Every structure is written in structure tokens, then in C-alpha cells.
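Structure data follow from run-v6.cif (mmCIF, C-alpha atoms and all ligand atoms):
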```
data_data
loop_
_atom_site.label_atom_id
_atom_site.label_comp_id
_atom_site.auth_asym_id
_atom_site.auth_seq_id
_atom_site.Cartn_x
_atom_site.Cartn_y
_atom_site.Cartn_z
CA MET A 15 115.66 109.11 128.56
CA ALA A 16 113.65 105.91 129.06
CA ASP A 17 112.43 104.31 125.85
CA PRO A 18 109.50 106.40 124.64
CA GLU A 19 106.30 104.97 123.23
CA LEU A 20 106.31 107.22 120.17
CA SER A 21 109.12 108.49 117.93
CA ILE A 22 108.60 111.32 115.47
CA VAL A 23 111.13 111.55 112.66
CA VAL A 24 111.44 114.87 110.84
CA PRO A 25 113.87 115.45 107.94
CA VAL A 26 115.05 119.04 107.74
CA TYR A 27 116.70 120.66 104.77
CA ASN A 28 117.00 124.46 104.63
CA GLU A 29 113.85 124.97 106.68
CA GLU A 30 115.09 127.97 108.69
CA PRO A 31 112.06 130.24 108.01
CA GLY A 32 109.52 127.66 109.19
CA LEU A 33 111.18 125.82 112.07
CA ALA A 34 109.96 128.12 114.85
CA ALA A 35 106.36 127.62 113.71
CA LEU A 36 106.95 123.86 113.53
CA PHE A 37 108.27 123.69 117.10
CA ALA A 38 105.39 125.85 118.30
CA ARG A 39 102.82 123.41 116.92
CA LEU A 40 104.55 120.05 117.07
CA TYR A 41 105.43 119.92 120.76
CA PRO A 42 101.99 120.98 122.10
CA ALA A 43 100.34 118.50 119.74
CA LEU A 44 102.57 115.70 121.06
CA ASP A 45 102.17 116.78 124.69
CA ALA A 46 98.42 116.57 124.17
CA LEU A 47 98.69 112.89 123.23
CA ALA A 48 99.84 112.05 126.76
CA THR A 49 102.22 109.32 125.57
CA PRO A 50 105.95 109.37 126.22
CA TYR A 51 107.55 110.55 122.98
CA GLU A 52 110.77 111.67 121.35
CA VAL A 53 111.29 113.86 118.31
CA ILE A 54 114.25 113.15 116.07
CA PHE A 55 115.19 115.91 113.69
CA VAL A 56 117.62 114.92 110.99
CA ASN A 57 119.36 117.91 109.49
CA ASP A 58 120.08 116.89 105.92
CA GLY A 59 123.08 119.15 105.37
CA SER A 60 121.12 122.43 105.43
CA ARG A 61 123.11 125.43 104.30
CA ASP A 62 121.01 127.94 106.25
CA ALA A 63 120.65 128.31 110.01
CA SER A 64 118.46 125.21 110.42
CA ALA A 65 121.15 123.32 112.35
CA ALA A 66 121.56 126.18 114.80
CA LEU A 67 117.79 126.41 115.32
CA LEU A 68 117.60 122.67 115.93
CA ARG A 69 120.43 122.94 118.45
CA GLU A 70 118.50 125.66 120.29
CA GLN A 71 115.38 123.55 120.30
CA PHE A 72 117.40 120.67 121.69
CA GLN A 73 118.54 122.89 124.53
CA ARG A 74 114.94 123.94 125.17
CA ARG A 75 113.51 120.41 125.26
CA PRO A 76 116.47 118.03 125.75
CA ASP A 77 114.23 115.46 127.43
CA VAL A 78 112.30 114.68 124.25
CA THR A 79 114.46 116.03 121.44
CA ARG A 80 117.25 114.36 119.53
CA ILE A 81 119.13 115.83 116.63
CA VAL A 82 121.13 114.05 113.96
CA LEU A 83 123.31 116.33 111.88
CA PHE A 84 124.44 115.08 108.48
CA ASN A 85 127.61 116.48 107.03
CA ALA A 86 126.02 116.92 103.60
CA ASN A 87 122.72 116.65 101.75
CA TYR A 88 121.73 113.02 101.21
CA GLY A 89 118.04 113.51 100.45
CA GLN A 90 114.83 113.28 102.43
CA HIS A 91 114.60 109.51 102.38
CA MET A 92 118.14 108.98 103.65
CA ALA A 93 117.41 111.46 106.43
CA VAL A 94 114.37 109.42 107.42
CA ILE A 95 116.46 106.22 107.41
CA ALA A 96 118.95 107.87 109.76
CA GLY A 97 116.05 108.68 112.06
CA PHE A 98 114.80 105.10 111.80
CA GLU A 99 118.22 103.76 112.74
CA ARG A 100 118.21 105.73 115.97
CA CYS A 101 114.59 106.00 117.09
CA ARG A 102 113.49 104.02 120.13
CA GLY A 103 109.72 104.23 120.11
CA GLU A 104 107.35 101.32 119.60
CA ARG A 105 105.62 103.43 116.99
CA VAL A 106 107.31 105.76 114.59
CA VAL A 107 105.67 108.64 112.73
CA THR A 108 107.30 110.54 109.88
CA LEU A 109 106.43 114.14 109.25
CA ASP A 110 107.62 116.95 106.96
CA ALA A 111 109.26 119.95 108.56
CA ASP A 112 107.31 122.52 106.55
CA LEU A 113 104.00 122.02 108.43
CA GLN A 114 102.31 120.64 105.30
CA ASN A 115 101.49 117.64 107.48
CA PRO A 116 99.60 119.09 110.46
CA PRO A 117 101.09 117.61 113.67
CA GLU A 118 97.59 117.62 115.19
CA GLU A 119 96.74 114.72 112.84
CA ILE A 120 99.25 112.32 114.42
CA GLY A 121 96.57 111.12 116.84
CA LYS A 122 94.52 109.79 113.91
CA LEU A 123 97.40 107.60 112.75
CA LEU A 124 97.93 106.29 116.25
CA ALA A 125 94.24 105.47 116.59
CA ALA A 126 94.53 103.28 113.49
CA MET A 127 97.51 101.55 115.07
CA ASP A 128 95.47 100.97 118.22
CA ALA A 129 93.06 99.12 115.94
CA GLY A 130 95.83 96.66 115.12
CA HIS A 131 97.47 98.04 111.99
CA ASP A 132 101.24 98.08 111.70
CA TYR A 133 101.43 100.56 108.82
CA VAL A 134 99.24 103.62 108.54
CA GLY A 135 99.54 105.78 105.44
CA GLY A 136 98.18 109.29 105.36
CA VAL A 137 95.96 110.32 102.48
CA ARG A 138 95.82 114.05 101.97
CA ARG A 139 92.18 115.08 101.99
CA GLN A 140 92.72 118.27 100.06
CA ARG A 141 96.22 118.60 98.78
CA GLU A 142 97.58 122.13 98.89
CA ASP A 143 100.26 122.10 96.21
CA SER A 144 100.67 123.53 92.73
CA TRP A 145 98.41 122.04 90.02
CA TRP A 146 101.30 120.50 88.08
CA ARG A 147 102.61 118.73 91.18
CA LYS A 148 99.15 117.28 91.82
CA ALA A 149 98.70 116.20 88.19
CA ALA A 150 102.17 114.64 87.99
CA SER A 151 101.72 112.76 91.22
CA ARG A 152 98.32 111.42 90.19
CA ALA A 153 99.94 110.05 87.04
CA MET A 154 102.84 108.52 89.00
CA ASN A 155 100.43 107.01 91.50
CA ARG A 156 98.63 105.24 88.67
CA LEU A 157 101.85 104.06 87.06
CA ARG A 158 103.18 102.71 90.36
CA GLU A 159 99.89 100.96 90.98
CA ARG A 160 100.36 99.06 87.70
CA LEU A 161 104.07 98.39 87.81
CA THR A 162 104.61 97.43 91.44
CA ARG A 163 102.78 95.39 94.03
CA ILE A 164 102.51 98.36 96.29
CA THR A 165 99.01 99.62 96.92
CA MET A 166 98.57 103.08 98.32
CA THR A 167 96.30 105.96 97.58
CA ASP A 168 98.73 108.79 98.16
CA GLN A 169 102.36 107.80 97.84
CA GLY A 170 103.58 111.37 98.23
CA CYS A 171 102.17 111.88 101.71
CA MET A 172 104.94 111.52 104.28
CA LEU A 173 102.63 111.71 107.28
CA ARG A 174 102.75 108.00 108.08
CA ALA A 175 103.03 105.73 111.09
CA TYR A 176 105.04 102.52 111.25
CA SER A 177 105.46 99.82 113.84
CA ARG A 178 108.83 99.17 115.44
CA ASP A 179 109.26 95.96 113.37
CA ILE A 180 108.73 97.72 110.06
CA VAL A 181 111.10 100.51 111.00
CA ALA A 182 113.75 97.98 111.99
CA ALA A 183 113.33 96.17 108.67
CA VAL A 184 113.60 99.42 106.71
CA ALA A 185 116.69 100.45 108.66
CA ALA A 186 118.27 97.06 108.02
CA SER A 187 117.58 97.20 104.28
CA SER A 188 120.75 98.37 102.68
CA GLU A 189 119.18 100.22 99.77
CA VAL A 190 121.03 103.32 98.76
CA ALA A 191 118.32 105.17 96.89
CA THR A 192 114.89 104.31 98.10
CA PHE A 193 111.37 105.49 98.74
CA ILE A 194 110.47 104.86 102.37
CA PRO A 195 106.66 104.60 102.22
CA ALA A 196 106.98 101.95 99.49
CA LEU A 197 109.84 100.04 101.11
CA ALA A 198 108.02 100.01 104.44
CA TYR A 199 104.87 98.83 102.73
CA THR A 200 106.66 95.72 101.48
CA TYR A 201 107.30 94.78 105.14
CA ALA A 202 103.81 95.60 106.41
CA ALA A 203 101.51 92.83 107.59
CA LYS A 204 98.34 94.83 108.11
CA PRO A 205 98.54 98.17 106.32
CA THR A 206 95.79 100.74 106.28
CA GLU A 207 95.23 104.36 105.35
CA VAL A 208 93.58 107.31 107.03
CA GLU A 209 92.60 110.70 105.68
CA VAL A 210 94.66 113.58 106.99
CA ALA A 211 94.61 117.30 106.44
CA HIS A 212 97.23 119.01 104.33
CA GLU A 213 98.30 122.61 104.41
CA GLU A 214 100.22 124.93 102.21
CA ARG A 215 103.90 125.16 102.97
CA ALA A 216 104.15 127.45 106.01
CA ALA A 217 107.40 129.13 104.93
CA GLY A 218 110.28 128.67 102.53
CA GLU A 219 110.06 126.80 99.25
CA SER A 220 109.69 123.20 98.13
CA LYS A 221 113.03 121.40 98.12
CA TYR A 222 112.03 119.33 95.11
CA SER A 223 112.88 120.74 91.71
CA LEU A 224 111.40 119.04 88.65
CA TYR A 225 114.71 117.21 88.25
CA LYS A 226 114.72 115.92 91.83
CA LEU A 227 111.10 114.82 91.46
CA ILE A 228 111.94 112.82 88.34
CA ARG A 229 114.88 111.21 90.17
CA LEU A 230 112.64 110.36 93.11
CA ASN A 231 110.11 108.71 90.86
CA PHE A 232 112.80 106.59 89.23
CA ASP A 233 113.76 105.47 92.75
CA LEU A 234 110.14 104.54 93.31
CA ILE A 235 109.57 102.64 90.07
CA THR A 236 112.94 101.05 89.36
CA GLY A 237 113.47 100.39 93.05
CA PHE A 238 110.37 98.25 93.32
CA SER A 239 109.70 96.81 89.91
CA LEU A 240 111.48 95.12 87.03
CA VAL A 241 108.45 95.61 84.82
CA PRO A 242 109.93 98.59 82.90
CA LEU A 243 112.89 96.45 81.83
CA GLN A 244 110.67 93.51 81.03
CA LEU A 245 108.27 95.69 79.06
CA PHE A 246 111.22 96.82 77.07
CA SER A 247 112.21 93.35 76.02
CA MET A 248 108.58 92.60 75.18
CA PHE A 249 108.51 95.73 73.08
CA GLY A 250 111.77 94.74 71.41
CA MET A 251 110.29 91.37 70.52
CA LEU A 252 107.17 92.97 69.12
CA VAL A 253 109.15 95.42 67.00
CA SER A 254 111.41 92.71 65.62
CA ALA A 255 108.43 90.53 64.75
CA LEU A 256 106.69 93.47 63.08
CA SER A 257 109.74 94.48 61.11
CA LEU A 258 110.27 90.92 59.93
CA ALA A 259 106.64 90.77 58.79
CA THR A 260 106.91 94.14 57.05
CA TYR A 261 110.10 93.06 55.37
CA LEU A 262 108.49 89.90 54.01
CA VAL A 263 105.46 91.84 52.79
CA VAL A 264 107.59 94.47 51.04
CA ILE A 265 109.78 91.88 49.36
CA GLY A 266 106.72 89.84 48.37
CA TYR A 267 105.03 92.81 46.75
CA ARG A 268 108.20 93.83 44.97
CA VAL A 269 108.61 90.37 43.52
CA PHE A 270 104.99 89.66 42.56
CA PHE A 271 103.30 93.04 42.11
CA ALA A 272 105.97 95.48 40.98
CA GLU A 273 103.31 98.07 40.09
CA TRP A 274 102.30 98.34 43.81
CA ARG A 275 105.69 99.61 44.76
CA GLY A 276 104.56 103.22 44.88
CA ALA A 277 101.96 102.53 47.57
CA ILE A 278 104.34 100.49 49.67
CA ASN A 279 107.02 103.12 49.42
CA ALA A 280 104.56 105.70 50.67
CA LEU A 281 103.80 103.59 53.73
CA TRP A 282 107.41 102.71 54.32
CA ASP A 283 108.78 106.04 55.47
CA ARG A 284 112.15 105.06 56.80
CA ASP A 285 112.94 108.43 58.36
CA ILE A 286 109.90 108.39 60.58
CA LEU A 287 110.38 104.76 61.52
CA ALA A 288 114.06 105.27 62.25
CA PHE A 289 113.28 108.34 64.33
CA LEU A 290 110.74 106.44 66.39
CA LEU A 291 112.90 103.41 66.89
CA ILE A 292 116.01 105.39 67.81
CA GLY A 293 113.95 107.27 70.38
CA MET A 294 112.73 104.00 71.84
CA LEU A 295 116.23 102.62 71.81
CA LEU A 296 117.67 105.59 73.66
CA PHE A 297 114.92 105.42 76.24
CA GLY A 298 115.57 101.71 76.68
CA LEU A 299 119.26 102.32 77.08
CA GLY A 300 118.54 104.97 79.69
CA LEU A 301 116.25 102.59 81.50
CA VAL A 302 118.94 99.93 81.59
CA GLY A 303 121.21 102.68 82.91
CA GLU A 304 118.80 103.34 85.77
CA TYR A 305 119.10 99.77 86.94
CA VAL A 306 122.84 99.51 86.30
CA GLY A 307 123.29 102.74 88.25
CA ARG A 308 121.44 101.27 91.22
CA ILE A 309 123.57 98.14 91.06
CA TYR A 310 126.70 100.28 90.86
CA GLN A 311 125.72 102.31 93.90
CA GLN A 312 124.87 99.16 95.77
CA VAL A 313 128.07 97.26 95.06
CA ARG A 314 130.30 100.17 96.03
CA GLN A 315 129.16 99.60 99.60
CA ARG A 316 129.86 103.14 100.65
CA PRO A 317 128.16 104.42 103.78
CA ARG A 318 124.79 105.76 102.77
CA TYR A 319 125.33 108.94 104.73
CA THR A 320 127.75 110.31 107.27
CA VAL A 321 126.76 111.94 110.51
CA ARG A 322 128.68 114.91 111.82
CA ALA A 323 127.16 114.91 115.28
CA VAL A 324 124.24 113.59 117.30
CA LEU A 325 122.69 115.66 120.07
CA GLU A 326 120.88 113.71 122.74
CA SER A 327 120.36 114.12 126.41
CA ASP A 328 121.93 110.99 127.84
CA GLY A 329 125.44 112.07 126.96
CA ALA A 330 127.46 114.69 125.25
CA ALA A 331 127.39 114.94 121.48
CA ALA A 332 128.48 111.70 119.83
CA PRO A 333 131.98 111.66 118.31
CA PRO A 334 132.07 113.24 114.89
CA ALA A 335 131.89 111.40 111.57
CA THR A 336 130.17 108.20 112.61
CA ALA A 337 129.25 106.51 109.39
CA GLY A 338 125.76 105.23 108.63
CA ALA A 339 125.57 101.46 108.55
CA PRO A 340 127.13 100.37 105.26
CA PRO A 341 125.03 98.19 103.00
CA GLN A 342 124.97 94.59 104.17
CA ALA A 343 122.97 91.56 103.18
CA PRO A 344 119.41 92.34 102.04
CA GLY A 345 116.89 92.80 104.85
CA PRO A 346 114.12 90.35 105.65
N1 LIG B 1 114.00 117.35 102.69
C1 LIG B 1 115.23 116.81 103.10
N2 LIG B 1 116.22 116.66 102.17
C2 LIG B 1 116.07 117.01 100.86
C3 LIG B 1 114.81 117.53 100.46
C4 LIG B 1 113.80 117.67 101.38
O1 LIG B 1 115.41 116.47 104.26
O2 LIG B 1 117.01 116.85 100.09
C5 LIG B 1 112.92 117.52 103.67
C6 LIG B 1 112.33 118.90 103.76
O3 LIG B 1 113.05 119.72 104.67
C7 LIG B 1 110.93 118.63 104.25
C8 LIG B 1 110.60 117.31 103.60
O4 LIG B 1 111.84 116.70 103.28
O5 LIG B 1 110.87 118.46 105.64
C9 LIG B 1 109.73 117.45 102.37
O6 LIG B 1 110.32 118.36 101.47
P1 LIG B 1 109.44 119.46 100.70
O7 LIG B 1 108.41 120.03 101.62
O8 LIG B 1 110.37 120.44 100.07
O9 LIG B 1 108.77 118.58 99.58
P2 LIG B 1 107.32 118.80 98.95
O10 LIG B 1 106.35 119.02 100.07
O11 LIG B 1 107.43 119.98 98.05
O12 LIG B 1 107.07 117.53 98.21
MG MG B 2 106.45 120.15 101.67
#
```

Rewritten as C-alpha cells:
Amino acid sequence: MADPELSIVVPVYNEEPGLAALFARLYPALDALATPYEVIFVNDGSRDASAALLREQFQRRPDVTRIVLFNANYGQHMAVIAGFERCRGERVVTLDADLQNPPEEIGKLLAAMDAGHDYVGGVRRQREDSWWRKAASRAMNRLRERLTRITMTDQGCMLRAYSRDIVAAVAASSEVATFIPALAYTYAAKPTEVEVAHEERAAGESKYSLYKLIRLNFDLITGFSLVPLQLFSMFGMLVSALSLATYLVVIGYRVFFAEWRGAINALWDRDILAFLLIGMLLFGLGLVGEYVGRIYQQVRQRPRYTVRAVLESDGAAAPPATAGAPPQAPGP
């Protein structure tokens, strides 16, 4: 397989019910672009028949299909990294496997790249998800906008195109828990966005539980900003200053105006204050834990994922258990 112009990276986790429909739409859409392409499916440790279906698809279109099979579930973003580490195209497009990102829209992203952009983010015109997902992601978008330097309209949209250079930089970054659209953005020289369509999940269910979504958003915020920690120390300073002031006032009144004590006591409800401050303290401790956890994962230097097999046409399946590149020095 000569180096293709375009690489499509698709993470797949338990997508058995929808894969046939994906193949049926993705390949014709790519053929229609009339550019040499490859599709890399990364099976993220699916427990259903996804791996078998991908294998069949590889046999059907070995010229343009490559399959990376993880030995376990490492998460969508790790799967995309594995695709990035192996793709050969000058331009790389990421896409969800559930057809929520219509493959027919890829051309729009490429047109923006033709115009000289090295990073093209998709913005879902009309998002077809549950109301609580939309509300939560609007709130997270706003928070990210304030806390990080990353500017994007729709961080949750995975239909995005990246230049070879950005993909190489992302692949070389040794982050263990990351958020690809944001990480890639930090390497982009001329980013832009285009509107793309969005569809309801074709089959199967979302792979993100509320818990996984919360984890993902911690990756996004704590992975790209120290502001939460810094806010915490600012808050700590403010609270200490306030409590010192309150203390002085209370003592002053007690000494000079003993008869006011009733009013001050009413204001000074220790239970409520203690409750509030303990809550803040626990949250702060948890926040510190988020960062310490990231440092811990990073210093262990374990492979970020392990690959069981790679299917590609220029040779037999790669030997089993090749490890993903272990974390090295920070990327550019
Ligand atoms: N995915 C994955 N590993 C995971 C979770 C999800 O590879 O641990 C893939 C999934 O198969 C899909 C994409 O990531 O191709 C987006 O997942 P999903 O559609 O469930 O997320 P949502 O659209 O609900 O945000
Ligand atoms: Mg989806």
C-alpha cells in the first residue's frame, strides 16, 4: 500500500450492531472523494463481535483497511492515539463508529484544509443527543473556554481533520489520559472550524456513562489547565483573610460591646460555616488528587496501551503484544 493522501481513524468499542451500516456508508463516501485513502479501525477491547466484523471488513477491502486490535479497553482517546501512531496519510480525519458523524461530511473538512488550515474542528449543526448530554456539554464548553487557552465551539465533536504534523506531535506526546481535540489544538498553527451534520446513534448505545463523562472532563480540564488548583489557593487565601477579619470583629465586639454578643452569635453559625468549609476542603483535596493521579500515571511509564494484533495488507498480522510507545520526553 503506497502512502495514502488521507487517513481515517475510527475507534471501535462494542459497536457490533452498527458496523455493517458504517462500512456501507463510509467506503462509498471515501471512494467518492477520489483521493487515495486508508481507514484505520482501532478495536478498543470490544467484548462483542466487533473484532470479527472488522476482520471481515479487512478481508473485503484489504487495500485500504487497517485494523489495530487492543487487548483491553483503554478508552476512545487512546484508541485514536494508536491510530495516529500508525496512520500514513498527509491528512488525518477522526470519526466515531456509530455514524453520529456522517462520513459524507469529510469532504467539508478537507475543503477547509485545502484553504490552508492545519486543524479543522467539526461543529455539530444540530446535535442529536439527549438533553442532559447537550446541557452538560454546553456547561463544560464554557468552563473550558475560561480555564484553558483552547478555543473551540464544540469540543465534543470528534469529526475533525488534522495535518500530518499535528498528528505526529500528538502521537509523540506521552500523555496517558488526554483529550485529543484539545491536545491537537495546542499544536495547531492555523485552526478553523466548519459546521457538520450530526445524526442520532445508528445502533447500540452510548459508551459513555455519567461516570466516564465526568472522568473525561477531568482529563480535559486538569490536562490543560492549572487554573483549578490556582483558584483553590486563591480561595484559601480569601477564606483565611475573611476568617481573620471575622475573628477580630467578634473579639472586638465581645471586649467593647458585650451587649451585642447576641447578634454576633446569630451571625456566627459555626455548624454552617464548618459544613461549607469542610466541603470546600474535600473538593480541594480531590482536585489535588486529580493532578497527583496524573503525575502518578505519568511517572510509572507504563505502555499506554497494548496491541494484540495489527491487520494490514503489506504483511501478515504483526506479532502479538507489541506495546504502545511508552511515555518519553514531552512532545514539541
Ligand atoms: N469508544 C471507544 N472506547 C471507549 C468508548 C468509546 O473506542 O471506551 C468509541 C465508540 O465506539 C465510538 C466513539 O468512541 O466510536 C464515541 O463513543 P460514543 O458514541 O459511545 O460516545 P457519545 O457519542 O455518546 O459521546
Ligand atoms: Mg456517539

Requested in this report: Please identify every polymer residue within 6 Å of ligand LIG 1 (chain B), using all atoms listed in the file, and present the set as a PyMOL selection string.
Outcome: chain A and resi 25-27+29+58+87+89-90+93+110-112+220-222

Query raised in the report: Please, what distance in Å, to one decimal, runs between CA of Gly136 in chain A and CA of Val208 in chain A?
Result: 5.3 Å

Requested in this report: Please give me, as a ChimeraX atom specification, the residues lying within 12 Å of ligand MG 2 (chain B) when counting only C-alpha atoms and all ligand atoms.
Outcome: /A:24-29,32,90,109-116,141-144,147,170-173,212-223

Written file, previous selection with C-alpha atoms, as a compact mmCIF listing (two decimals), in the frame of the given file:
```
# COMPACT_ATOMS: atom_id res chain seq x y z
CA VAL A 24 111.44 114.87 110.84
CA PRO A 25 113.87 115.45 107.94
CA VAL A 26 115.05 119.04 107.74
CA TYR A 27 116.70 120.66 104.77
CA ASN A 28 117.00 124.46 104.63
CA GLU A 29 113.85 124.97 106.68
CA GLY A 32 109.52 127.66 109.19
CA GLN A 90 114.83 113.28 102.43
CA LEU A 109 106.43 114.14 109.25
CA ASP A 110 107.62 116.95 106.96
CA ALA A 111 109.26 119.95 108.56
CA ASP A 112 107.31 122.52 106.55
CA LEU A 113 104.00 122.02 108.43
CA GLN A 114 102.31 120.64 105.30
CA ASN A 115 101.49 117.64 107.48
CA PRO A 116 99.60 119.09 110.46
CA ARG A 141 96.22 118.60 98.78
CA GLU A 142 97.58 122.13 98.89
CA ASP A 143 100.26 122.10 96.21
CA SER A 144 100.67 123.53 92.73
CA ARG A 147 102.61 118.73 91.18
CA GLY A 170 103.58 111.37 98.23
CA CYS A 171 102.17 111.88 101.71
CA MET A 172 104.94 111.52 104.28
CA LEU A 173 102.63 111.71 107.28
CA HIS A 212 97.23 119.01 104.33
CA GLU A 213 98.30 122.61 104.41
CA GLU A 214 100.22 124.93 102.21
CA ARG A 215 103.90 125.16 102.97
CA ALA A 216 104.15 127.45 106.01
CA ALA A 217 107.40 129.13 104.93
CA GLY A 218 110.28 128.67 102.53
CA GLU A 219 110.06 126.80 99.25
CA SER A 220 109.69 123.20 98.13
CA LYS A 221 113.03 121.40 98.12
CA TYR A 222 112.03 119.33 95.11
CA SER A 223 112.88 120.74 91.71
```

Report task. Please write as a PyMOL selection string the list of polymer residues whose atoms come within 10 Å of (113.9, 102.1, 87.0), counting all atoms listed in the file and keeping to the coordinates of the file. Result -> chain A and resi 229+231-243+300-308

Requested in this report: Provide the CA of Thr165 in chain A to CA of Met127 in chain A distance in Å, to one decimal place.
Outcome: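 Taking CA of Thr165 in chain A and CA of Met127 in chain A, their separation equals 18.3 Å.
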
Contacts of range 100-207 of chain A with range 309-328 of chain A up to 9 Å, shortest pair per row, all atoms listed in the file, as a tab-separated table:
```
residue	atom	partner	partner_atom	distance
A:Ser188	CA	A:Gln312	CA	8.1
A:Glu189	CA	A:Gln312	CA	7.0
A:Val190	CA	A:Arg318	CA	6.0
A:Ala191	CA	A:Gln311	CA	8.5
```

Report task. Kindly give the distance, in Å, that separates CA of Leu230 in chain A and CA of Ile292 in chain A, rounded to a single decimal. Result ->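 Value for the CA of Leu230 in chain A-CA of Ile292 in chain A distance: 26.0 Å.
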
Query - For Leu299 in chain A, the nearest of the candidates A:Arg61, A:Tyr176, A:Ser247, A:Ile228, counting only C-alpha atoms - result: A:Ser247

Requested in this report: Using only C-alpha atoms, determine which residues lie at most 12 Å from Phe72 in chain A, disregarding the query and same-chain residues fewer than 6 positions distant; provide the list as a list in words.
Outcome: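 So the residues in contact are Phe37, Glu52, Val53, Ile54, Phe55, Ala65, Ala66, Val78, Thr79, Arg80, Ile81, Val82, Val324, Leu325, Glu326, Ser327 and Ala331 of chain A.
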
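Of the listed residues (A:Ile180, A:Ile120, A:Ala126, A:Leu67), A:Ile180 comes nearest to Glu99 in chain A; the distances count all atoms listed in the file.
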
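Residue nearest Val137 in chain A within the list A:Val94, A:Ala211, A:Val106, A:Ala34: A:Ala211 [criterion: smallest interatomic distance, all atoms listed in the file].
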